[in-house]
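Q: Please find one structure pasted underneath; my questions will follow.
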Amino acid sequence: MGKRSVQSGQDLRLQAKKYVNAKDIYARESEDLYRAILIASVDGIAIMDLEGRVRTVSHRMSAIFDLEREEEAAGRTIFDFIIPEDHEKARANIGLMFQGIFTGPEEYRGLRTDGSSINIEVNVEFIRDSLGFPTGIVMIVRDIGERMKTDDNLRESEAHILAITSSSQDAIIMMESNGKICFWNNAATRIIGYTVDEAIGKDLHQLLTPQHYRERQNNGLANFQHTGTGSAIDTTQEVEVCHKDGHEIPAELSVSSIRLKDGWHAVGIIRDISYRKRAEAVLEASNRKLEALSITDALTGIANRRRFDEVLEQEYSRHSRTGNRLSLIFLDIDYFKLFNDTYGHVQGDECLRQIAQIITDCVPRSSDLVARYGGEEFACVLPETDIYGAVSIAEKIRLNILTRGIPHKKSSVADHVTVSLGVVTWQCSAGGSAVDVVAKADERLYRAKSLGRNRVDFFLANDENDVTPIAGEKAKKSPSKLIWKDTFCCGNPLIDSQHMSLFNKANELVSAIMSDAVNSDLILIIASLLAEVGQHFHDEQEIMEAEAFPGTAHHTKEHTKLLSDGTELFRKFKESILSADELCQIIVYDVILVHMLGADRVFFQFLCDATARDTSMPLSDVKRQGELC
């Protein structure tokens, strides 16, 4: 019993000794840990008693407050390390701490030994024993001067950005990589119509992109999400942007990309260029007007000489490539100087305007050009027009001016205004020139005036090596002839057959003259031609009366004059007063081309319209059926 008691006592002493040793080891380890924390911490650490007096501080704490030695902090309180203005806030927070309320880190203005201040963040907590009772206070101090400076810079930068984006006249929009809008400035609202609340979080392309652009934009979005690149990135381009009310705004869009922590973002600047576009449209319209003015004759409103030269040159070049024929009409008002001397220049200007309007009304196609060539001279460029079409138009112009009846009592031709016209149809070639066409048309105009005025004189150029008038000059190597076309038909069998016969008879006369036939043969041909013309006129008048053509009386008067003139010319030819060339020119021109293809076509149109009325057939079908309109 005694032995066991002694043994038990020894065991207790050994256990106690081990406990004391373990406690010492633990204390030393805790001390070592404590010192390691004080040394390694990037924040300042101060250990204080419950009354707030400093017992020890870390090296970093000394550095923050510019202490030469750590021992200088001993005995100081928290109030010695902050400026007086922050003492009240510190007392309040300490009071809350003693009430068990955790206040978390608090920002103060720290006070250094040299009297300067720094920005610090302070966190205070109790040191407690094993039973949880407070035994001291630990204060953690962080120098936040750099952070404050960074925060200030950030706030300043944000203020600058806000000021820029708020005052910008351009819409500034940011889009996340998923296509959602994450920034929207005031100008975006003003330009596009959506408020910030309406725009943020919405799909940008659904909101702003016109429907016809969306597929392309959606295809590019997938690539942008991964690479931050795309066809629009780092470019400036003109686009249309949908307004809230549905209309499209012309805009100038500049786009750049930026990578943030949550992925790629696109920043777009949208400038409303509606005003610029309107200004450009006005400028373009003004330029068109200026261009029109530069190529328009101020008095008559038709093309001027400059425009005539341009178009003729262009058409000559084009016809050289296509091989089609180009026709040109020159027109001169007979005795216009006497008109001005008699009626004055005001009436002279009015006469020119009326003549220009008549010519314009007679030239049917938009591809044709009517121009004032200079003074009282006018010109018509007729692309892809043969001699028949050109002479028909020229005669129509002459007759319409004649029937307008503009008084001209000093004219030697008539008591009203008349015109003389020269017509040429040209086979253009690469080696030729538009100047040649002008020269030949001017020559024909002069010839029309020399033959008595108030008439059309015409010329057909077969090719660049053989330039021959239809009648009036010999050309044995390449005799010309009139070519019958189905478009000359009116639909009346008798008139059409007679017209065709007259064409053949006229060609017989032309061929005989160019072959140097003797006068006796020519006399027989001309007599036969005149007899056939007389019969045709008689039959045609009866048909006109039967059809109740309102122009029958005027037409009959023309027939009578043509026959009278033809008979008189024939007499002069037989008496050798007139050459066969001149007789042929007049008969073939006046009777065949001018009358048949000019005046007769007025009656043809009447027949065409009458057929449409009687059969209820569409006029277009009548035209196709008769090939005359």
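Order determines the names: the first chain of the structure tokens is A, the second B, and so forth; residues in each chain are numbered 1 upward, and ligands are numbered 1 upward as they are shown.
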Could you give me, as a PyMOL selection string, each residue of region 206-280 of chain A that DSSP assigns to strand (DSSP E) when run on this structure's backbone?
A: chain A and resi 235-242+248-260+263-272
Q: Write the residues of the preceding selection, restricted to N, CA and C atoms, as an mmCIF file, in the first residue's frame.
A:
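What follows is the written file part12.cif:
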data_model
loop_
_atom_site.group_PDB
_atom_site.id
_atom_site.type_symbol
_atom_site.label_atom_id
_atom_site.label_comp_id
_atom_site.auth_asym_id
_atom_site.auth_seq_id
_atom_site.Cartn_x
_atom_site.Cartn_y
_atom_site.Cartn_z
ATOM 1 N N THR A 235 -13.434 50.822 -87.282
ATOM 2 C CA THR A 235 -13.796 51.455 -88.554
ATOM 3 C C THR A 235 -14.807 52.563 -88.287
ATOM 4 N N THR A 236 -14.969 53.416 -89.272
ATOM 5 C CA THR A 236 -16.031 54.419 -89.275
ATOM 6 C C THR A 236 -16.788 54.250 -90.580
ATOM 7 N N GLN A 237 -18.081 54.061 -90.462
ATOM 8 C CA GLN A 237 -18.867 53.816 -91.661
ATOM 9 C C GLN A 237 -20.252 54.425 -91.521
ATOM 10 N N GLU A 238 -20.882 54.665 -92.659
ATOM 11 C CA GLU A 238 -22.230 55.213 -92.661
ATOM 12 C C GLU A 238 -23.234 54.061 -92.631
ATOM 13 N N VAL A 239 -24.192 54.159 -91.716
ATOM 14 C CA VAL A 239 -25.193 53.117 -91.539
ATOM 15 C C VAL A 239 -26.553 53.779 -91.324
ATOM 16 N N GLU A 240 -27.583 52.942 -91.189
ATOM 17 C CA GLU A 240 -28.887 53.427 -90.752
ATOM 18 C C GLU A 240 -29.175 52.828 -89.379
ATOM 19 N N VAL A 241 -29.745 53.648 -88.504
ATOM 20 C CA VAL A 241 -30.070 53.217 -87.141
ATOM 21 C C VAL A 241 -31.568 53.397 -86.931
ATOM 22 N N CYS A 242 -32.197 52.389 -86.326
ATOM 23 C CA CYS A 242 -33.637 52.458 -86.077
ATOM 24 C C CYS A 242 -33.942 53.399 -84.918
ATOM 25 N N GLU A 248 -35.808 55.252 -89.843
ATOM 26 C CA GLU A 248 -34.369 54.995 -89.855
ATOM 27 C C GLU A 248 -33.597 56.311 -89.931
ATOM 28 N N ILE A 249 -32.527 56.390 -89.134
ATOM 29 C CA ILE A 249 -31.700 57.590 -89.058
ATOM 30 C C ILE A 249 -30.398 57.322 -89.803
ATOM 31 N N PRO A 250 -30.026 58.166 -90.761
ATOM 32 C CA PRO A 250 -28.689 58.025 -91.349
ATOM 33 C C PRO A 250 -27.647 58.420 -90.307
ATOM 34 N N ALA A 251 -26.667 57.575 -90.096
ATOM 35 C CA ALA A 251 -25.696 57.811 -89.017
ATOM 36 C C ALA A 251 -24.297 57.429 -89.450
ATOM 37 N N GLU A 252 -23.338 58.032 -88.761
ATOM 38 C CA GLU A 252 -21.935 57.673 -88.921
ATOM 39 C C GLU A 252 -21.533 56.898 -87.672
ATOM 40 N N LEU A 253 -21.103 55.670 -87.835
ATOM 41 C CA LEU A 253 -20.811 54.781 -86.713
ATOM 42 C C LEU A 253 -19.324 54.482 -86.636
ATOM 43 N N SER A 254 -18.746 54.742 -85.443
ATOM 44 C CA SER A 254 -17.357 54.366 -85.163
ATOM 45 C C SER A 254 -17.368 53.348 -84.030
ATOM 46 N N VAL A 255 -16.669 52.243 -84.205
ATOM 47 C CA VAL A 255 -16.717 51.153 -83.227
ATOM 48 C C VAL A 255 -15.299 50.746 -82.841
ATOM 49 N N SER A 256 -15.096 50.531 -81.534
ATOM 50 C CA SER A 256 -13.838 49.973 -81.036
ATOM 51 C C SER A 256 -14.173 48.902 -80.011
ATOM 52 N N SER A 257 -13.202 48.074 -79.696
ATOM 53 C CA SER A 257 -13.439 46.996 -78.724
ATOM 54 C C SER A 257 -12.514 47.169 -77.527
ATOM 55 N N ILE A 258 -12.954 46.676 -76.373
ATOM 56 C CA ILE A 258 -12.163 46.723 -75.146
ATOM 57 C C ILE A 258 -12.435 45.450 -74.360
ATOM 58 N N ARG A 259 -11.384 44.889 -73.782
ATOM 59 C CA ARG A 259 -11.553 43.664 -73.003
ATOM 60 C C ARG A 259 -11.582 44.011 -71.523
ATOM 61 N N LEU A 260 -12.664 43.707 -70.876
ATOM 62 C CA LEU A 260 -12.816 43.872 -69.444
ATOM 63 C C LEU A 260 -12.821 42.500 -68.792
ATOM 64 N N GLY A 263 -15.156 39.930 -70.163
ATOM 65 C CA GLY A 263 -15.120 39.608 -71.591
ATOM 66 C C GLY A 263 -15.011 40.841 -72.461
ATOM 67 N N TRP A 264 -15.152 40.618 -73.774
ATOM 68 C CA TRP A 264 -15.029 41.697 -74.743
ATOM 69 C C TRP A 264 -16.259 42.590 -74.730
ATOM 70 N N HIS A 265 -16.018 43.882 -74.876
ATOM 71 C CA HIS A 265 -17.089 44.865 -74.987
ATOM 72 C C HIS A 265 -16.836 45.710 -76.240
ATOM 73 N N ALA A 266 -17.891 46.171 -76.844
ATOM 74 C CA ALA A 266 -17.784 47.065 -78.003
ATOM 75 C C ALA A 266 -18.322 48.432 -77.615
ATOM 76 N N VAL A 267 -17.573 49.456 -77.966
ATOM 77 C CA VAL A 267 -18.004 50.828 -77.717
ATOM 78 C C VAL A 267 -18.278 51.485 -79.060
ATOM 79 N N GLY A 268 -19.500 51.947 -79.225
ATOM 80 C CA GLY A 268 -19.889 52.584 -80.481
ATOM 81 C C GLY A 268 -20.253 54.039 -80.274
ATOM 82 N N ILE A 269 -19.777 54.875 -81.179
ATOM 83 C CA ILE A 269 -20.158 56.290 -81.190
ATOM 84 C C ILE A 269 -20.991 56.517 -82.441
ATOM 85 N N ILE A 270 -22.218 56.966 -82.224
ATOM 86 C CA ILE A 270 -23.167 57.151 -83.319
ATOM 87 C C ILE A 270 -23.424 58.643 -83.497
ATOM 88 N N ARG A 271 -23.133 59.112 -84.677
ATOM 89 C CA ARG A 271 -23.374 60.528 -84.991
ATOM 90 C C ARG A 271 -24.540 60.628 -85.974
ATOM 91 N N ASP A 272 -25.541 61.388 -85.601
ATOM 92 C CA ASP A 272 -26.693 61.611 -86.472
ATOM 93 C C ASP A 272 -26.254 62.518 -87.624
#
Q: Using only C-alpha atoms, which protein or nucleic acid residues come within 12 Å of Ala303 (chain A)? Drop anything in the same chain fewer than 3 positions from it, and give the result as a PyMOL selection string.
A: chain A and resi 291-300+306-311+356-357+360+368-374+378-381
Q: Can you spit out the residues from that selection as a PDB file, in the first residue's frame, using C-alpha atoms?
A:
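Done, and the output landed in selection-v9.pdb:
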ATOM      1  CA  GLU A 291     -25.238  71.490-114.481  1.00  0.00           C
ATOM      2  CA  ALA A 292     -28.646  71.788-116.121  1.00  0.00           C
ATOM      3  CA  LEU A 293     -28.220  75.550-116.354  1.00  0.00           C
ATOM      4  CA  SER A 294     -24.777  75.115-117.868  1.00  0.00           C
ATOM      5  CA  ILE A 295     -26.191  72.948-120.659  1.00  0.00           C
ATOM      6  CA  THR A 296     -29.524  74.744-121.094  1.00  0.00           C
ATOM      7  CA  ASP A 297     -30.261  77.718-123.278  1.00  0.00           C
ATOM      8  CA  ALA A 298     -31.520  80.435-120.946  1.00  0.00           C
ATOM      9  CA  LEU A 299     -33.995  81.910-123.436  1.00  0.00           C
ATOM     10  CA  THR A 300     -35.704  78.807-124.824  1.00  0.00           C
ATOM     11  CA  ARG A 306     -22.357  73.083-125.394  1.00  0.00           C
ATOM     12  CA  ARG A 307     -24.820  70.269-124.714  1.00  0.00           C
ATOM     13  CA  PHE A 308     -25.357  69.729-128.432  1.00  0.00           C
ATOM     14  CA  ASP A 309     -21.621  69.300-129.013  1.00  0.00           C
ATOM     15  CA  GLU A 310     -21.317  66.856-126.094  1.00  0.00           C
ATOM     16  CA  VAL A 311     -24.260  64.684-127.142  1.00  0.00           C
ATOM     17  CA  ALA A 356     -38.184  75.748-129.637  1.00  0.00           C
ATOM     18  CA  GLN A 357     -41.430  74.407-128.156  1.00  0.00           C
ATOM     19  CA  THR A 360     -39.575  69.788-128.937  1.00  0.00           C
ATOM     20  CA  ASP A 368     -33.371  62.568-129.107  1.00  0.00           C
ATOM     21  CA  LEU A 369     -31.921  65.999-128.403  1.00  0.00           C
ATOM     22  CA  VAL A 370     -33.329  69.383-129.349  1.00  0.00           C
ATOM     23  CA  ALA A 371     -30.828  72.236-128.990  1.00  0.00           C
ATOM     24  CA  ARG A 372     -30.435  75.885-129.817  1.00  0.00           C
ATOM     25  CA  TYR A 373     -27.347  75.938-131.987  1.00  0.00           C
ATOM     26  CA  GLY A 374     -26.980  79.689-131.966  1.00  0.00           C
ATOM     27  CA  PHE A 378     -31.709  75.012-133.953  1.00  0.00           C
ATOM     28  CA  ALA A 379     -30.519  71.398-134.179  1.00  0.00           C
ATOM     29  CA  CYS A 380     -31.932  67.945-133.504  1.00  0.00           C
ATOM     30  CA  VAL A 381     -29.750  64.898-132.822  1.00  0.00           C
TER      31      VAL A 381
END
Q: Just list the residues in region 521-598 of chain A DSSP gives alpha helix (DSSP H) on the backbone, as a ChimeraX atom specification.
A: /A:521-546,552-574,580-586
Q: Between A:Arg155, A:Ala188, A:Ile83, A:Asp332, which has the minimum distance to Ser167 (chain A) (counting only C-alpha atoms)?
A: A:Ala188
Q: Any idea what's packed within 10 Å of Ser501 (chain A), counting only C-alpha atoms, ignoring anything in its chain fewer than 5 positions away? Could you give it as a list of chain:residue names?
A: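 With the cut-off at 10 Å, the set is A:Trp484, A:Ile495, A:Asp496, A:Ala506, A:Asn507, A:Leu529, A:Glu532, A:Val533, A:His536.
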Q: Rounded to one decimal in Å, what is the spacing between CA of Leu38 (chain A) and CA of Met139 (chain A)?
A: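 We find that CA of Leu38 (chain A) and CA of Met139 (chain A) lie 11.7 Å from each other.
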Q: Smallest atom-to-atom distance to Ala441 (chain A): which of A:Ile513, A:Leu328, A:Phe126, A:Arg321, using only C-alpha atoms?
A: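 Ranked by minimum distance to Ala441 (chain A), first place goes to A:Leu328.
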Q: Rounded to one decimal place, report the CA of Glu106 (chain A)-CA of Val122 (chain A) distance in Å.
A: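 Atom-to-atom, CA of Glu106 (chain A) and CA of Val122 (chain A) are spaced 5.3 Å apart.
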Q: Interatomic distance between CA of Ser497 (chain A) and CA of Glu540 (chain A)?
A: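 About the pair CA of Ser497 (chain A) and CA of Glu540 (chain A): they are 11.7 Å apart.
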Q: Which is closer to Phe224 (chain A) than all the others in A:Gly201, A:Gly100, A:Gly179, A:Gly193, using only C-alpha atoms?
A: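 So, comparing all the options, the nearest one is A:Gly179.
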Q: Kindly indicate which residue among A:Asp49, A:Glu107, A:Asp197, A:Glu176 lies nearest to Val138 (chain A), using only C-alpha atoms for the distances.
A: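 The shortest atom-to-atom distance to Val138 (chain A) comes from A:Asp49.
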Q: Please identify all polymer residues within 12 Å of His59 (chain A), counting only C-alpha atoms, omitting same-chain residues fewer than 4 positions from it, and present them as a ChimeraX atom specification.
A: /A:35-46,63-73,141
